[in-house]
file final-v5.cif (mmCIF, C-alpha atoms and all ligand atoms)
data_query
loop_
_atom_site.group_PDB
_atom_site.id
_atom_site.type_symbol
_atom_site.label_atom_id
_atom_site.label_comp_id
_atom_site.auth_asym_id
_atom_site.auth_seq_id
_atom_site.Cartn_x
_atom_site.Cartn_y
_atom_site.Cartn_z
ATOM 1 C CA MET A 139 -6.911 -47.996 15.395
ATOM 2 C CA SER A 140 -6.371 -51.222 13.484
ATOM 3 C CA ALA A 141 -3.632 -51.345 10.843
ATOM 4 C CA PRO A 142 -4.919 -50.976 7.262
ATOM 5 C CA ALA A 143 -4.613 -54.056 5.090
ATOM 6 C CA THR A 144 -4.732 -52.537 1.601
ATOM 7 C CA ILE A 145 -4.155 -49.222 -0.146
ATOM 8 C CA ALA A 146 -7.917 -48.711 -0.489
ATOM 9 C CA GLN A 147 -8.419 -49.313 3.219
ATOM 10 C CA ALA A 148 -5.575 -46.968 4.139
ATOM 11 C CA LEU A 149 -7.203 -44.200 2.106
ATOM 12 C CA GLN A 150 -10.563 -44.903 3.755
ATOM 13 C CA GLN A 151 -8.917 -44.642 7.140
ATOM 14 C CA ALA A 152 -7.497 -41.224 6.226
ATOM 15 C CA ALA A 153 -10.865 -40.039 4.924
ATOM 16 C CA ALA A 154 -12.518 -41.128 8.179
ATOM 17 C CA GLN A 155 -9.949 -38.992 9.995
ATOM 18 C CA GLY A 156 -11.031 -36.006 7.898
ATOM 19 C CA LEU A 157 -8.118 -35.805 5.476
ATOM 20 C CA ALA A 158 -8.886 -34.400 2.045
ATOM 21 C CA ARG A 159 -8.545 -36.995 -0.703
ATOM 22 C CA LEU A 160 -5.498 -35.391 -2.328
ATOM 23 C CA ASP A 161 -3.728 -34.985 1.009
ATOM 24 C CA ALA A 162 -4.428 -38.616 1.873
ATOM 25 C CA GLN A 163 -3.032 -39.773 -1.456
ATOM 26 C CA LEU A 164 0.126 -37.681 -1.109
ATOM 27 C CA LEU A 165 0.680 -38.893 2.445
ATOM 28 C CA LEU A 166 0.179 -42.532 1.497
ATOM 29 C CA LEU A 167 2.542 -42.259 -1.471
ATOM 30 C CA HIS A 168 5.104 -40.871 0.936
ATOM 31 C CA ALA A 169 4.550 -43.796 3.353
ATOM 32 C CA LEU A 170 5.080 -46.177 0.429
ATOM 33 C CA GLY A 171 8.276 -44.424 -0.654
ATOM 34 C CA ARG A 172 6.731 -43.284 -3.939
ATOM 35 C CA GLN A 173 6.717 -39.968 -5.802
ATOM 36 C CA ALA A 174 3.899 -37.420 -5.406
ATOM 37 C CA SER A 175 3.341 -37.798 -9.172
ATOM 38 C CA GLN A 176 2.240 -41.433 -8.746
ATOM 39 C CA ARG A 177 -1.392 -40.933 -7.734
ATOM 40 C CA ALA A 178 -2.507 -42.969 -10.746
ATOM 41 C CA TRP A 179 -0.400 -45.855 -9.472
ATOM 42 C CA LEU A 180 -2.322 -45.748 -6.177
ATOM 43 C CA LEU A 181 -5.651 -45.971 -7.980
ATOM 44 C CA ALA A 182 -4.452 -48.916 -10.045
ATOM 45 C CA HIS A 183 -3.222 -50.820 -6.983
ATOM 46 C CA ASP A 184 -5.964 -50.268 -4.436
ATOM 47 C CA GLU A 185 -6.088 -53.978 -3.538
ATOM 48 C CA GLN A 186 -2.351 -54.156 -2.835
ATOM 49 C CA PRO A 187 -1.575 -54.836 0.824
ATOM 50 C CA LEU A 188 0.792 -52.634 2.838
ATOM 51 C CA ASP A 189 3.680 -54.535 4.376
ATOM 52 C CA ALA A 190 4.360 -54.235 8.106
ATOM 53 C CA ALA A 191 6.912 -51.414 7.804
ATOM 54 C CA GLN A 192 4.675 -49.410 5.468
ATOM 55 C CA ALA A 193 1.694 -49.912 7.760
ATOM 56 C CA ALA A 194 3.714 -48.703 10.754
ATOM 57 C CA HIS A 195 4.939 -45.634 8.845
ATOM 58 C CA TRP A 196 1.387 -44.916 7.689
ATOM 59 C CA ALA A 197 -0.006 -45.105 11.221
ATOM 60 C CA GLN A 198 2.705 -42.719 12.416
ATOM 61 C CA LEU A 199 2.021 -40.213 9.593
ATOM 62 C CA LEU A 200 -1.745 -40.292 10.195
ATOM 63 C CA GLN A 201 -1.176 -39.640 13.893
ATOM 64 C CA ALA A 202 1.113 -36.671 13.169
ATOM 65 C CA ARG A 203 -1.398 -35.228 10.718
ATOM 66 C CA ALA A 204 -4.138 -35.614 13.348
ATOM 67 C CA ASP A 205 -1.862 -33.670 15.709
ATOM 68 C CA GLY A 206 -1.862 -30.794 13.218
ATOM 69 C CA VAL A 207 1.549 -31.257 11.601
ATOM 70 C CA PRO A 208 1.327 -29.683 8.122
ATOM 71 C CA LEU A 209 1.252 -32.228 5.320
ATOM 72 C CA ALA A 210 4.302 -30.590 3.732
ATOM 73 C CA TYR A 211 6.421 -31.256 6.830
ATOM 74 C CA LEU A 212 5.437 -34.939 6.714
ATOM 75 C CA THR A 213 6.172 -35.408 3.023
ATOM 76 C CA GLY A 214 8.971 -32.811 2.971
ATOM 77 C CA GLN A 215 7.468 -31.300 -0.168
ATOM 78 C CA ARG A 216 5.221 -28.474 -1.282
ATOM 79 C CA GLU A 217 4.431 -27.325 -4.785
ATOM 80 C CA PHE A 218 4.460 -23.534 -5.145
ATOM 81 C CA PHE A 219 3.871 -21.711 -8.424
ATOM 82 C CA GLY A 220 4.546 -25.014 -10.172
ATOM 83 C CA LEU A 221 7.888 -25.494 -8.436
ATOM 84 C CA PRO A 222 8.495 -28.567 -6.277
ATOM 85 C CA LEU A 223 9.946 -27.129 -3.074
ATOM 86 C CA ARG A 224 11.462 -29.011 -0.201
ATOM 87 C CA VAL A 225 10.178 -27.711 3.123
ATOM 88 C CA THR A 226 11.095 -28.516 6.700
ATOM 89 C CA PRO A 227 9.770 -27.263 10.058
ATOM 90 C CA ALA A 228 12.447 -24.534 9.825
ATOM 91 C CA VAL A 229 10.296 -22.692 7.274
ATOM 92 C CA LEU A 230 6.686 -21.604 6.908
ATOM 93 C CA ASP A 231 4.690 -24.030 4.771
ATOM 94 C CA PRO A 232 4.172 -21.941 1.599
ATOM 95 C CA ARG A 233 0.490 -21.069 1.076
ATOM 96 C CA PRO A 234 -1.299 -20.981 -2.284
ATOM 97 C CA ASP A 235 -2.486 -17.460 -1.327
ATOM 98 C CA THR A 236 1.090 -16.248 -1.544
ATOM 99 C CA GLU A 237 1.035 -17.001 -5.266
ATOM 100 C CA THR A 238 -1.097 -13.837 -5.479
ATOM 101 C CA LEU A 239 1.939 -11.820 -4.432
ATOM 102 C CA VAL A 240 4.084 -13.541 -7.065
ATOM 103 C CA GLU A 241 1.546 -12.870 -9.825
ATOM 104 C CA TRP A 242 1.306 -9.235 -8.857
ATOM 105 C CA ALA A 243 5.078 -8.859 -8.748
ATOM 106 C CA LEU A 244 5.342 -10.365 -12.240
ATOM 107 C CA GLN A 245 2.865 -7.781 -13.536
ATOM 108 C CA LEU A 246 4.762 -4.855 -12.031
ATOM 109 C CA LEU A 247 8.375 -5.893 -12.639
ATOM 110 C CA PRO A 248 9.966 -3.772 -15.361
ATOM 111 C CA GLN A 249 9.933 -5.781 -18.609
ATOM 112 C CA GLN A 250 13.504 -4.872 -19.445
ATOM 113 C CA GLY A 251 16.824 -3.952 -17.936
ATOM 114 C CA GLN A 252 17.438 -7.004 -15.712
ATOM 115 C CA PRO A 253 15.334 -5.660 -12.834
ATOM 116 C CA ARG A 254 16.779 -5.891 -9.334
ATOM 117 C CA LEU A 255 14.513 -7.562 -6.835
ATOM 118 C CA LEU A 256 14.777 -8.312 -3.120
ATOM 119 C CA ASP A 257 12.679 -10.889 -1.211
ATOM 120 C CA LEU A 258 12.673 -10.265 2.540
ATOM 121 C CA GLY A 259 12.204 -13.228 4.874
ATOM 122 C CA THR A 260 12.421 -15.716 2.028
ATOM 123 C CA GLY A 261 11.835 -18.831 4.186
ATOM 124 C CA SER A 262 11.761 -21.807 1.811
ATOM 125 C CA GLY A 263 12.653 -19.375 -0.991
ATOM 126 C CA ALA A 264 9.166 -19.793 -2.469
ATOM 127 C CA ILE A 265 8.569 -16.212 -3.658
ATOM 128 C CA ALA A 266 12.120 -15.492 -4.830
ATOM 129 C CA LEU A 267 12.405 -18.814 -6.677
ATOM 130 C CA ALA A 268 8.994 -18.456 -8.323
ATOM 131 C CA LEU A 269 9.945 -14.981 -9.558
ATOM 132 C CA LYS A 270 13.346 -16.098 -10.802
ATOM 133 C CA SER A 271 11.790 -19.078 -12.592
ATOM 134 C CA GLN A 272 9.399 -16.751 -14.438
ATOM 135 C CA ARG A 273 11.908 -13.972 -15.042
ATOM 136 C CA PRO A 274 15.352 -15.542 -15.492
ATOM 137 C CA ASP A 275 16.666 -12.119 -16.575
ATOM 138 C CA ALA A 276 15.847 -10.561 -13.169
ATOM 139 C CA GLN A 277 18.555 -10.229 -10.539
ATOM 140 C CA VAL A 278 17.005 -11.706 -7.433
ATOM 141 C CA TRP A 279 18.325 -11.404 -3.889
ATOM 142 C CA ALA A 280 16.750 -13.395 -1.050
ATOM 143 C CA CYS A 281 17.259 -12.371 2.572
ATOM 144 C CA GLU A 282 16.536 -14.493 5.623
ATOM 145 C CA GLN A 283 17.364 -14.153 9.313
ATOM 146 C CA SER A 284 17.038 -17.834 10.223
ATOM 147 C CA LEU A 285 20.138 -19.756 9.126
ATOM 148 C CA ALA A 286 18.182 -23.022 9.147
ATOM 149 C CA ALA A 287 15.612 -21.499 6.790
ATOM 150 C CA LEU A 288 18.330 -20.019 4.575
ATOM 151 C CA GLN A 289 19.783 -23.488 4.118
ATOM 152 C CA VAL A 290 16.383 -24.816 3.042
ATOM 153 C CA ALA A 291 16.038 -21.980 0.506
ATOM 154 C CA GLN A 292 19.561 -22.535 -0.840
ATOM 155 C CA GLY A 293 18.899 -26.251 -1.211
ATOM 156 C CA ASN A 294 15.746 -25.488 -3.190
ATOM 157 C CA ALA A 295 17.584 -23.054 -5.464
ATOM 158 C CA GLN A 296 20.270 -25.637 -6.124
ATOM 159 C CA ARG A 297 17.812 -28.443 -6.894
ATOM 160 C CA LEU A 298 15.816 -26.172 -9.207
ATOM 161 C CA GLY A 299 18.913 -24.768 -10.888
ATOM 162 C CA LEU A 300 17.884 -21.169 -10.141
ATOM 163 C CA ALA A 301 20.658 -18.696 -9.372
ATOM 164 C CA LEU A 302 19.737 -16.317 -6.556
ATOM 165 C CA HIS A 303 21.911 -14.040 -4.440
ATOM 166 C CA TRP A 304 21.722 -14.615 -0.704
ATOM 167 C CA LEU A 305 21.667 -12.305 2.295
ATOM 168 C CA HIS A 306 21.579 -13.356 5.922
ATOM 169 C CA GLY A 307 20.133 -11.083 8.587
ATOM 170 C CA HIS A 308 17.386 -8.747 9.696
ATOM 171 C CA TRP A 309 15.114 -7.378 6.931
ATOM 172 C CA LEU A 310 16.915 -4.631 4.960
ATOM 173 C CA GLU A 311 20.013 -4.453 7.134
ATOM 174 C CA PRO A 312 22.211 -7.032 5.323
ATOM 175 C CA ALA A 313 21.486 -5.434 1.940
ATOM 176 C CA ARG A 314 22.313 -1.992 3.313
ATOM 177 C CA GLN A 315 25.553 -3.272 4.822
ATOM 178 C CA ALA A 316 26.496 -4.874 1.512
ATOM 179 C CA GLY A 317 25.959 -1.521 -0.182
ATOM 180 C CA LEU A 318 22.964 -2.843 -2.114
ATOM 181 C CA GLY A 319 20.026 -0.581 -2.894
ATOM 182 C CA ASP A 320 18.231 0.961 -5.842
ATOM 183 C CA TRP A 321 15.798 -1.951 -5.853
ATOM 184 C CA ASP A 322 13.227 -2.059 -8.630
ATOM 185 C CA MET A 323 11.089 -4.146 -6.323
ATOM 186 C CA ILE A 324 11.055 -5.378 -2.738
ATOM 187 C CA VAL A 325 8.617 -8.185 -1.892
ATOM 188 C CA SER A 326 7.864 -9.847 1.413
ATOM 189 C CA ASN A 327 5.529 -12.262 3.135
ATOM 190 C CA PRO A 328 6.557 -11.247 6.647
ATOM 191 C CA PRO A 329 5.116 -12.511 9.930
ATOM 192 C CA TYR A 330 1.858 -10.629 10.456
ATOM 193 C CA ILE A 331 -0.199 -12.481 13.036
ATOM 194 C CA ALA A 332 -0.932 -10.772 16.357
ATOM 195 C CA GLU A 333 0.894 -12.228 19.373
ATOM 196 C CA HIS A 334 -2.314 -13.505 20.993
ATOM 197 C CA ASP A 335 -4.325 -14.391 17.908
ATOM 198 C CA PRO A 336 -6.712 -17.277 18.681
ATOM 199 C CA HIS A 337 -5.672 -19.071 15.458
ATOM 200 C CA LEU A 338 -2.057 -19.499 16.545
ATOM 201 C CA PRO A 339 -2.504 -22.888 18.231
ATOM 202 C CA ALA A 340 -3.496 -24.327 14.836
ATOM 203 C CA LEU A 341 -0.146 -23.117 13.463
ATOM 204 C CA ARG A 342 1.940 -24.416 16.386
ATOM 205 C CA HIS A 343 4.140 -26.669 14.236
ATOM 206 C CA GLU A 344 5.377 -23.777 12.099
ATOM 207 C CA PRO A 345 8.181 -21.409 13.163
ATOM 208 C CA ARG A 346 6.856 -18.685 15.487
ATOM 209 C CA GLN A 347 9.408 -16.304 14.025
ATOM 210 C CA ALA A 348 7.691 -16.604 10.641
ATOM 211 C CA LEU A 349 4.193 -16.019 12.031
ATOM 212 C CA THR A 350 3.847 -13.455 14.801
ATOM 213 C CA SER A 351 4.804 -9.812 14.923
ATOM 214 C CA GLY A 352 3.909 -7.890 18.063
ATOM 215 C CA ALA A 353 0.592 -7.004 19.656
ATOM 216 C CA ASP A 354 -1.202 -6.112 16.413
ATOM 217 C CA GLY A 355 0.840 -8.282 14.028
ATOM 218 C CA LEU A 356 2.216 -5.209 12.252
ATOM 219 C CA ASP A 357 5.610 -4.660 13.910
ATOM 220 C CA ASP A 358 7.636 -6.154 11.063
ATOM 221 C CA ILE A 359 5.474 -4.578 8.371
ATOM 222 C CA ARG A 360 6.007 -1.154 10.016
ATOM 223 C CA HIS A 361 9.754 -1.793 10.077
ATOM 224 C CA ILE A 362 9.892 -2.919 6.446
ATOM 225 C CA ILE A 363 7.789 0.020 5.232
ATOM 226 C CA ALA A 364 10.081 2.483 7.005
ATOM 227 C CA HIS A 365 13.348 0.974 5.800
ATOM 228 C CA ALA A 366 12.380 -0.033 2.264
ATOM 229 C CA LEU A 367 11.573 3.465 0.983
ATOM 230 C CA PRO A 368 15.164 4.793 0.870
ATOM 231 C CA ALA A 369 16.362 1.417 -0.464
ATOM 232 C CA LEU A 370 14.037 1.498 -3.490
ATOM 233 C CA ALA A 371 14.953 3.042 -6.810
ATOM 234 C CA PRO A 372 12.664 5.934 -7.792
ATOM 235 C CA GLY A 373 9.558 4.238 -9.209
ATOM 236 C CA GLY A 374 10.393 0.987 -7.408
ATOM 237 C CA TRP A 375 7.642 -1.070 -5.766
ATOM 238 C CA LEU A 376 7.225 -2.503 -2.286
ATOM 239 C CA LEU A 377 4.714 -5.403 -2.279
ATOM 240 C CA LEU A 378 3.611 -6.972 0.991
ATOM 241 C CA GLU A 379 1.457 -9.900 2.009
ATOM 242 C CA HIS A 380 -0.531 -9.278 5.196
ATOM 243 C CA GLY A 381 -3.467 -10.511 7.265
ATOM 244 C CA TRP A 382 -6.954 -10.520 5.810
ATOM 245 C CA GLN A 383 -8.043 -7.593 8.006
ATOM 246 C CA GLN A 384 -4.876 -5.491 7.799
ATOM 247 C CA HIS A 385 -5.114 -3.870 4.363
ATOM 248 C CA GLN A 386 -6.369 -0.500 5.575
ATOM 249 C CA GLN A 387 -3.671 -0.204 8.208
ATOM 250 C CA VAL A 388 -0.952 -1.247 5.772
ATOM 251 C CA ALA A 389 -2.215 1.225 3.157
ATOM 252 C CA GLN A 390 -2.206 3.974 5.773
ATOM 253 C CA LEU A 391 1.332 3.116 6.890
ATOM 254 C CA LEU A 392 2.541 3.249 3.279
ATOM 255 C CA ALA A 393 0.858 6.583 2.577
ATOM 256 C CA GLN A 394 2.118 8.111 5.829
ATOM 257 C CA ALA A 395 5.658 6.982 5.043
ATOM 258 C CA GLY A 396 5.493 8.847 1.718
ATOM 259 C CA TYR A 397 4.885 6.065 -0.793
ATOM 260 C CA GLY A 398 2.526 6.660 -3.711
ATOM 261 C CA GLU A 399 0.098 4.638 -5.846
ATOM 262 C CA VAL A 400 -1.031 2.379 -2.999
ATOM 263 C CA ALA A 401 -2.805 -0.685 -4.435
ATOM 264 C CA HIS A 402 -4.199 -4.041 -3.289
ATOM 265 C CA ARG A 403 -4.631 -7.614 -4.472
ATOM 266 C CA ARG A 404 -7.079 -10.272 -3.311
ATOM 267 C CA ASP A 405 -6.203 -13.843 -2.385
ATOM 268 C CA LEU A 406 -7.989 -16.996 -3.571
ATOM 269 C CA ALA A 407 -10.654 -16.581 -0.883
ATOM 270 C CA GLY A 408 -11.341 -13.003 -2.008
ATOM 271 C CA HIS A 409 -9.664 -11.317 0.976
ATOM 272 C CA ILE A 410 -7.417 -8.336 0.331
ATOM 273 C CA ARG A 411 -4.162 -10.144 1.131
ATOM 274 C CA CYS A 412 -1.504 -7.970 -0.507
ATOM 275 C CA THR A 413 -0.849 -4.254 -0.434
ATOM 276 C CA GLY A 414 1.871 -2.408 -2.269
ATOM 277 C CA ALA A 415 3.026 1.045 -3.234
ATOM 278 C CA ARG A 416 5.909 2.711 -5.006
ATOM 279 C CA ARG A 417 8.608 5.231 -4.329
ATOM 280 C CA LEU A 418 7.606 8.159 -6.450
ATOM 281 C CA ARG A 419 10.952 9.913 -6.856
HETATM 282 N N1 LIG B 1 -0.881 -16.787 5.942
HETATM 283 C C1 LIG B 1 -0.445 -17.473 7.113
HETATM 284 C C2 LIG B 1 -1.631 -17.886 7.960
HETATM 285 O O1 LIG B 1 -2.408 -17.043 8.336
HETATM 286 C C3 LIG B 1 0.511 -16.646 7.930
HETATM 287 C C4 LIG B 1 1.735 -16.343 7.195
HETATM 288 C C5 LIG B 1 2.457 -15.160 7.740
HETATM 289 O O2 LIG B 1 2.344 -14.764 8.890
HETATM 290 N N2 LIG B 1 3.216 -14.574 6.898
HETATM 291 O O3 LIG B 1 -1.788 -19.048 8.213
#
call {"tool": "encode", "arguments": {"input": "final-v5.cif", "output": "structure tokens", "more": "lines below"}}
Ligand code: GLN
result
Amino acid sequence: MSAPATIAQALQQAAAQGLARLDAQLLLLHALGRQASQRAWLLAHDEQPLDAAQAAHWAQLLQARADGVPLAYLTGQREFFGLPLRVTPAVLDPRPDTETLVEWALQLLPQQGQPRLLDLGTGSGAIALALKSQRPDAQVWACEQSLAALQVAQGNAQRLGLALHWLHGHWLEPARQAGLGDWDMIVSNPPYIAEHDPHLPALRHEPRQALTSGADGLDDIRHIIAHALPALAPGGWLLLEHGWQQHQQVAQLLAQAGYGEVAHRRDLAGHIRCTGARRLR
């Protein structure tokens, strides 16, 4: 692969490699040490040559992208629900589909009374931070087992000036130990991919711990469903993201556990991606 001479040629090179136009622009801005907001600058300078260091960085980034490294790990950034998040390989790259869960949670959160909300497996903090940004009056706790991920989430909260409460450990256990309960809402995008799912190789750069959950992908969801019910306030909601073919099983698990008002939400592709239910009394 020959080194690109100009910005226009660099973008052509990325397109030839199959990168979407926006991704190519964001990656090139990163190689040039510029902000993601400067796409207009790129367009205005398409004849500008890359210097040797920029060209070397660009070649390295293109190679990593070709190897399947998520764009967000290369640029260190991902926008989620309008929030600029910093992401590292310690956390799942937040997906636009997960915004569905946030929108649903915003519809169901009590309008008054400083609702108490818990995000399980917060990762980059995406869900908890999006909810806190939309509902500053809510009291939001974010729990995470991976210390490296927790640090990423805390850094994001600090940069965004959003005050969350933090818990470190396994699903509902840290909250229980801290004597916290009576949640108005518990939300989670847990790992839900089956251990031997054929799509896993494509996700190999993301933390395994955030992706897979036993033979059918439902181990963690089963655990959360069982332990969340007594932790919820009467009327409180549990909202879960899950795989595109898991909604019936998740609905069944919720009903069997004694939750009521089981409901679903579709993701951007039209798949039923979220299922939730409430503690009736
Ligand atoms: N939605 C992600 C994917 O299928 C997986 C995220 C998860 O397991 N929570 O790529």
call {"tool": "axis_aligned_box", "arguments": {"input": "final-v5.cif", "around": "ligand LIG 1 (chain B)", "padding_each_side": "6 Å", "output": "AutoDock Vina command-line options"}}
result
--center_x 0.4 --center_y -16.8 --center_z 7.4 --size_x 17.6 --size_y 16.5 --size_z 14.9
call {"tool": "residues_near_ligand", "arguments": {"input": "final-v5.cif", "ligand": "ligand LIG 1 (chain B)", "cutoff": "9 Å", "atoms": "all atoms listed in the file", "output": "MDAnalysis selection string"}}
result
chainID A and resid 230:233 235:236 326:331 337:338 340:341 346:351 355 379:382 411
call {"tool": "write_last_selection", "arguments": {"input": "final-v5.cif", "atoms": "C-alpha atoms", "output": "tab-separated table (two decimals), keeping the file's coordinate frame"}}
result
chain	number	residue	atom	x	y	z
A	230	LEU	CA	6.69	-21.60	6.91
A	231	ASP	CA	4.69	-24.03	4.77
A	232	PRO	CA	4.17	-21.94	1.60
A	233	ARG	CA	0.49	-21.07	1.08
A	235	ASP	CA	-2.49	-17.46	-1.33
A	236	THR	CA	1.09	-16.25	-1.54
A	326	SER	CA	7.86	-9.85	1.41
A	327	ASN	CA	5.53	-12.26	3.14
A	328	PRO	CA	6.56	-11.25	6.65
A	329	PRO	CA	5.12	-12.51	9.93
A	330	TYR	CA	1.86	-10.63	10.46
A	331	ILE	CA	-0.20	-12.48	13.04
A	337	HIS	CA	-5.67	-19.07	15.46
A	338	LEU	CA	-2.06	-19.50	16.55
A	340	ALA	CA	-3.50	-24.33	14.84
A	341	LEU	CA	-0.15	-23.12	13.46
A	346	ARG	CA	6.86	-18.68	15.49
A	347	GLN	CA	9.41	-16.30	14.02
A	348	ALA	CA	7.69	-16.60	10.64
A	349	LEU	CA	4.19	-16.02	12.03
A	350	THR	CA	3.85	-13.46	14.80
A	351	SER	CA	4.80	-9.81	14.92
A	355	GLY	CA	0.84	-8.28	14.03
A	379	GLU	CA	1.46	-9.90	2.01
A	380	HIS	CA	-0.53	-9.28	5.20
A	381	GLY	CA	-3.47	-10.51	7.26
A	382	TRP	CA	-6.95	-10.52	5.81
A	411	ARG	CA	-4.16	-10.14	1.13
call {"tool": "residues_around", "arguments": {"input": "final-v5.cif", "residues": "Arg216 in chain A", "least_positions_apart": "3", "cutoff": "12 Å", "atoms": "all atoms listed in the file", "output": "list in words"}}
result
Asp161, Leu164, Leu165, Ala174, Pro208, Leu209, Ala210, Tyr211, Leu212, Thr213, Phe219, Gly220, Leu221, Pro222, Leu223, Arg224, Val225, Thr226, Val229, Leu230, Asp231, Pro232, Arg233, Pro234, Ser262, Gly263, Ala264 and Asn294 of chain A
call {"tool": "closest_atom_pairs", "arguments": {"input": "final-v5.cif", "of": "range 211-299 of chain A", "to": "range 359-376 of chain A", "cutoff": "12 Å", "atoms": "only C-alpha atoms", "output": "Markdown table"}}
result
| residue | atom | partner | partner_atom | distance |
| --- | --- | --- | --- | --- |
| A:Leu239 | CA | A:Leu376 | CA | 10.9 |
| A:Trp242 | CA | A:Trp375 | CA | 10.8 |
| A:Ala243 | CA | A:Trp375 | CA | 8.7 |
| A:Leu244 | CA | A:Trp375 | CA | 11.6 |
| A:Gln245 | CA | A:Trp375 | CA | 11.3 |
| A:Leu246 | CA | A:Trp375 | CA | 7.9 |
| A:Leu247 | CA | A:Trp375 | CA | 8.4 |
| A:Pro248 | CA | A:Gly374 | CA | 9.3 |
| A:Pro253 | CA | A:Gly374 | CA | 9.9 |
| A:Arg254 | CA | A:Ala371 | CA | 9.5 |
| A:Leu255 | CA | A:Gly374 | CA | 9.5 |
| A:Leu256 | CA | A:Leu376 | CA | 9.6 |
| A:Asp257 | CA | A:Leu376 | CA | 10.1 |
| A:Leu258 | CA | A:Ile362 | CA | 8.8 |
| A:Gly259 | CA | A:Ile362 | CA | 10.7 |
call {"tool": "resolve_selection", "arguments": {"input": "final-v5.cif", "expression": "the PyMOL selection byres (((chain A and resi 397) around 7) and not hetatm)", "output": "ChimeraX atom specification"}}
result
/A:392-393,395-396,398,415-418
call {"tool": "resolve_selection", "arguments": {"input": "final-v5.cif", "expression": "the PyMOL selection byres (((chain A and resi 189-195) around 9) and not hetatm)", "output": "PDB file with C-alpha atoms, keeping the file's coordinate frame"}}
result
ATOM      1  CA  ALA A 141      -3.632 -51.345  10.843  1.00  0.00           C
ATOM      2  CA  PRO A 142      -4.919 -50.976   7.262  1.00  0.00           C
ATOM      3  CA  ALA A 143      -4.613 -54.056   5.090  1.00  0.00           C
ATOM      4  CA  ALA A 148      -5.575 -46.968   4.139  1.00  0.00           C
ATOM      5  CA  ALA A 169       4.550 -43.796   3.353  1.00  0.00           C
ATOM      6  CA  LEU A 170       5.080 -46.177   0.429  1.00  0.00           C
ATOM      7  CA  GLY A 171       8.276 -44.424  -0.654  1.00  0.00           C
ATOM      8  CA  PRO A 187      -1.575 -54.836   0.824  1.00  0.00           C
ATOM      9  CA  LEU A 188       0.792 -52.634   2.838  1.00  0.00           C
ATOM     10  CA  TRP A 196       1.387 -44.916   7.689  1.00  0.00           C
ATOM     11  CA  ALA A 197      -0.006 -45.105  11.221  1.00  0.00           C
ATOM     12  CA  GLN A 198       2.705 -42.719  12.416  1.00  0.00           C
ATOM     13  CA  LEU A 199       2.021 -40.213   9.593  1.00  0.00           C
ATOM     14  CA  LEU A 200      -1.745 -40.292  10.195  1.00  0.00           C
TER      15      LEU A 200
END
call {"tool": "atom_distance", "arguments": {"input": "final-v5.cif", "atom1": "CA of Pro339 in chain A", "atom2": "CA of Thr260 in chain A"}}
result
23.2 Å
call {"tool": "residues_around", "arguments": {"input": "final-v5.cif", "residues": "range 296-303 of chain A", "least_positions_apart": "2", "cutoff": "9 Å", "atoms": "only C-alpha atoms", "output": "PyMOL selection string"}}
result
chain A and resi 221-223+266-267+270-271+274+277-281+291-294+305
